[in-house]
Amino acid sequence: EQPFIIACAEANIPFVVANPVNIKRFAGAIGQKAKTDKLDAQLIAHFGEAIKPPLSSLKPDQMRLMSDLLSRRRQLMDMQTMEKNRSQIMPKTISSLIKPILTALKNQIEKVDLKLQKLIKECDEYEAKNNIIQSVPGVGNVVAFNLLSDMPELGYVNNKEAASLVGVAPFNRESGVYQGKRMIRGGRPKIRTAMYMAMMSAIQCNPKFKEIYQRMVAAGKPKKVAIIACIRKLVVIINSMVRDGVMWDPEMV
């Protein structure tokens, strides 16, 4: 829906990004069971007229800027990694020349992070979602930035769709009597990479995910498979939290 939202915002047309679950419940409340494109359009119009949901305040320039800042952050992180690798293999006389570059890159990354944090604080919806996402132990700025920028569907899709968007939902591989291993594919690799790194931290500081990870490894699952399963669980939990507007609760796991 982003192109439509951006077009509305640029034309100063008020819009609402509504939770589909609420509209579906509204349909049940008024007894509407049939579903066609025409009926859906009438239902959405009726929902807006009867419920009068608050207008959304997402700004297209903020969405674009956040995406651009994240791209720049990834570039800086890649350069930082390359320079760190070079400092380890080069002679000491040369590696000393790399330290000023690493310092400059670190400063630039910090500046980008500050700009991202400021951007989030300027938008009530971003700030509310950011607080919810970061309430999960082990989840920090990087995951929150990526989810807010590259996954606007968060909280508006069901849990299976959320896992599929990140690319951690396993797909069946079957044909006749052949029963292949279920494997993940597709999704948004930038978010998946950020969440993979976050899960490496979460299984150390979050007792719930640590328990799940250790239980799967003890059952014979490869470590990487166990981590992906934990990420899928994390995506589902965060999606539900954002949808319901609630903070982290260990009992959710």
# chains A, B, ... in the order shown; residues from 1 in each chain; ligands from 1
$ select_by_dssp --residues "region 7-226 of chain A" --states "strand (DSSP E or B)" --output "list of chain:residue names"
A:Pro170, A:Phe171, A:Asn172, A:Arg173, A:Glu174, A:Ser175, A:Tyr178, A:Gln179, A:Gly180, A:Lys181, A:Arg182, A:Met183, A:Ile184
$ write_last_selection --atoms "C-alpha atoms" --output "PDB file, in the first residue's frame"
ATOM      1  CA  PRO A 170       9.653 -23.135   5.754  1.00  0.00           C
ATOM      2  CA  PHE A 171       8.089 -24.328   2.493  1.00  0.00           C
ATOM      3  CA  ASN A 172       7.174 -27.928   1.709  1.00  0.00           C
ATOM      4  CA  ARG A 173       9.088 -29.805  -0.997  1.00  0.00           C
ATOM      5  CA  GLU A 174       6.891 -32.722  -1.978  1.00  0.00           C
ATOM      6  CA  SER A 175       6.117 -34.484  -5.239  1.00  0.00           C
ATOM      7  CA  TYR A 178       9.048 -37.718  -2.589  1.00  0.00           C
ATOM      8  CA  GLN A 179       9.205 -35.988   0.773  1.00  0.00           C
ATOM      9  CA  GLY A 180      11.978 -33.388   0.767  1.00  0.00           C
ATOM     10  CA  LYS A 181      13.146 -31.282   3.664  1.00  0.00           C
ATOM     11  CA  ARG A 182      11.177 -28.130   4.275  1.00  0.00           C
ATOM     12  CA  MET A 183      13.354 -25.115   3.497  1.00  0.00           C
ATOM     13  CA  ILE A 184      13.105 -21.352   3.827  1.00  0.00           C
TER      14      ILE A 184
END
$ closest_residue --among "A:Asp150, A:Ile23, A:Met82, A:Val168" --to "Pro53 (chain A)" --atoms "only C-alpha atoms"
A:Ile23
$ closest_residue --among "A:Ala198, A:Val21, A:Cys8, A:Leu69" --to "Leu234 (chain A)" --atoms "only C-alpha atoms"
A:Ala198
$ residues_around --residues "Ile231 (chain A)" --least-positions-apart "4" --cutoff "8 Å" --atoms "only C-alpha atoms" --output "ChimeraX atom specification"
/A:168,195-196,199,227,235
$ closest_atom_pairs --of "region 65-153 of chain A" --to "region 203-212 of chain A" --cutoff "9 Å" --atoms "only C-alpha atoms" --output "JSON lines"
{"residue": "A:Val136", "atom": "CA", "partner": "A:Asn206", "partner_atom": "CA", "distance": 8.4}
{"residue": "A:Pro137", "atom": "CA", "partner": "A:Asn206", "partner_atom": "CA", "distance": 5.6}
{"residue": "A:Gly138", "atom": "CA", "partner": "A:Cys205", "partner_atom": "CA", "distance": 6.3}
$ decode --residues "region 25-36 of chain A" --atoms "all heavy atoms" --output "mmCIF file, in the first residue's frame"
data_model
loop_
_atom_site.group_PDB
_atom_site.id
_atom_site.type_symbol
_atom_site.label_atom_id
_atom_site.label_comp_id
_atom_site.auth_asym_id
_atom_site.auth_seq_id
_atom_site.Cartn_x
_atom_site.Cartn_y
_atom_site.Cartn_z
ATOM 1 N N ARG A 25 -13.268 -8.091 11.904
ATOM 2 C CA ARG A 25 -14.131 -8.208 13.083
ATOM 3 C C ARG A 25 -15.369 -7.330 12.938
ATOM 4 O O ARG A 25 -16.465 -7.698 13.394
ATOM 5 C CB ARG A 25 -13.343 -7.825 14.333
ATOM 6 C CG ARG A 25 -12.292 -8.856 14.734
ATOM 7 C CD ARG A 25 -11.402 -8.342 15.846
ATOM 8 N NE ARG A 25 -10.404 -9.349 16.234
ATOM 9 C CZ ARG A 25 -9.354 -9.084 16.988
ATOM 10 N NH1 ARG A 25 -9.149 -7.854 17.447
ATOM 11 N NH2 ARG A 25 -8.493 -10.050 17.302
ATOM 12 N N PHE A 26 -15.198 -6.174 12.309
ATOM 13 C CA PHE A 26 -16.321 -5.270 12.068
ATOM 14 C C PHE A 26 -17.336 -5.941 11.150
ATOM 15 O O PHE A 26 -18.554 -5.843 11.366
ATOM 16 C CB PHE A 26 -15.816 -3.962 11.451
ATOM 17 C CG PHE A 26 -16.894 -2.976 11.128
ATOM 18 C CD1 PHE A 26 -17.492 -2.223 12.131
ATOM 19 C CD2 PHE A 26 -17.302 -2.778 9.818
ATOM 20 C CE1 PHE A 26 -18.482 -1.299 11.835
ATOM 21 C CE2 PHE A 26 -18.299 -1.858 9.510
ATOM 22 C CZ PHE A 26 -18.884 -1.116 10.520
ATOM 23 N N ALA A 27 -16.828 -6.653 10.134
ATOM 24 C CA ALA A 27 -17.720 -7.376 9.219
ATOM 25 C C ALA A 27 -18.522 -8.424 9.977
ATOM 26 O O ALA A 27 -19.723 -8.599 9.741
ATOM 27 C CB ALA A 27 -16.903 -8.027 8.100
ATOM 28 N N GLY A 28 -17.857 -9.128 10.901
ATOM 29 C CA GLY A 28 -18.562 -10.120 11.713
ATOM 30 C C GLY A 28 -19.607 -9.481 12.605
ATOM 31 O O GLY A 28 -20.693 -10.033 12.814
ATOM 32 N N ALA A 29 -19.274 -8.291 13.130
ATOM 33 C CA ALA A 29 -20.192 -7.604 14.039
ATOM 34 C C ALA A 29 -21.467 -7.160 13.340
ATOM 35 O O ALA A 29 -22.547 -7.139 13.945
ATOM 36 C CB ALA A 29 -19.496 -6.397 14.669
ATOM 37 N N ILE A 30 -21.365 -6.806 12.038
ATOM 38 C CA ILE A 30 -22.556 -6.362 11.305
ATOM 39 C C ILE A 30 -23.186 -7.507 10.511
ATOM 40 O O ILE A 30 -24.154 -7.299 9.781
ATOM 41 C CB ILE A 30 -22.226 -5.189 10.359
ATOM 42 C CG1 ILE A 30 -21.218 -5.624 9.275
ATOM 43 C CG2 ILE A 30 -21.696 -4.000 11.147
ATOM 44 C CD1 ILE A 30 -20.945 -4.530 8.232
ATOM 45 N N GLY A 31 -22.610 -8.708 10.671
ATOM 46 C CA GLY A 31 -23.208 -9.890 10.058
ATOM 47 C C GLY A 31 -22.913 -10.075 8.589
ATOM 48 O O GLY A 31 -23.630 -10.801 7.892
ATOM 49 N N GLN A 32 -21.867 -9.449 8.068
ATOM 50 C CA GLN A 32 -21.516 -9.604 6.654
ATOM 51 C C GLN A 32 -20.596 -10.802 6.480
ATOM 52 O O GLN A 32 -19.487 -10.820 7.012
ATOM 53 C CB GLN A 32 -20.838 -8.343 6.113
ATOM 54 C CG GLN A 32 -20.447 -8.461 4.641
ATOM 55 C CD GLN A 32 -19.954 -7.146 4.063
ATOM 56 O OE1 GLN A 32 -20.556 -6.098 4.296
ATOM 57 N NE2 GLN A 32 -18.879 -7.192 3.303
ATOM 58 N N LYS A 33 -21.046 -11.800 5.739
ATOM 59 C CA LYS A 33 -20.264 -13.018 5.533
ATOM 60 C C LYS A 33 -19.748 -13.145 4.094
ATOM 61 O O LYS A 33 -18.703 -13.732 3.862
ATOM 62 C CB LYS A 33 -21.102 -14.244 5.897
ATOM 63 C CG LYS A 33 -21.497 -14.296 7.373
ATOM 64 C CD LYS A 33 -22.300 -15.542 7.695
ATOM 65 C CE LYS A 33 -22.652 -15.585 9.183
ATOM 66 N NZ LYS A 33 -23.458 -16.779 9.527
ATOM 67 N N ALA A 34 -20.519 -12.629 3.154
ATOM 68 C CA ALA A 34 -20.107 -12.715 1.751
ATOM 69 C C ALA A 34 -18.877 -11.832 1.517
ATOM 70 O O ALA A 34 -18.663 -10.840 2.222
ATOM 71 C CB ALA A 34 -21.250 -12.286 0.836
ATOM 72 N N LYS A 35 -18.072 -12.208 0.523
ATOM 73 C CA LYS A 35 -16.837 -11.461 0.247
ATOM 74 C C LYS A 35 -16.610 -11.352 -1.252
ATOM 75 O O LYS A 35 -16.397 -12.348 -1.936
ATOM 76 C CB LYS A 35 -15.643 -12.149 0.913
ATOM 77 C CG LYS A 35 -14.311 -11.449 0.665
ATOM 78 C CD LYS A 35 -13.197 -12.148 1.419
ATOM 79 C CE LYS A 35 -11.837 -11.573 1.067
ATOM 80 N NZ LYS A 35 -11.728 -10.118 1.342
ATOM 81 N N THR A 36 -16.689 -10.131 -1.758
ATOM 82 C CA THR A 36 -16.316 -9.818 -3.136
ATOM 83 C C THR A 36 -15.558 -8.490 -3.093
ATOM 84 O O THR A 36 -15.563 -7.796 -2.069
ATOM 85 C CB THR A 36 -17.551 -9.670 -4.052
ATOM 86 O OG1 THR A 36 -18.306 -8.527 -3.631
ATOM 87 C CG2 THR A 36 -18.438 -10.908 -4.003
#
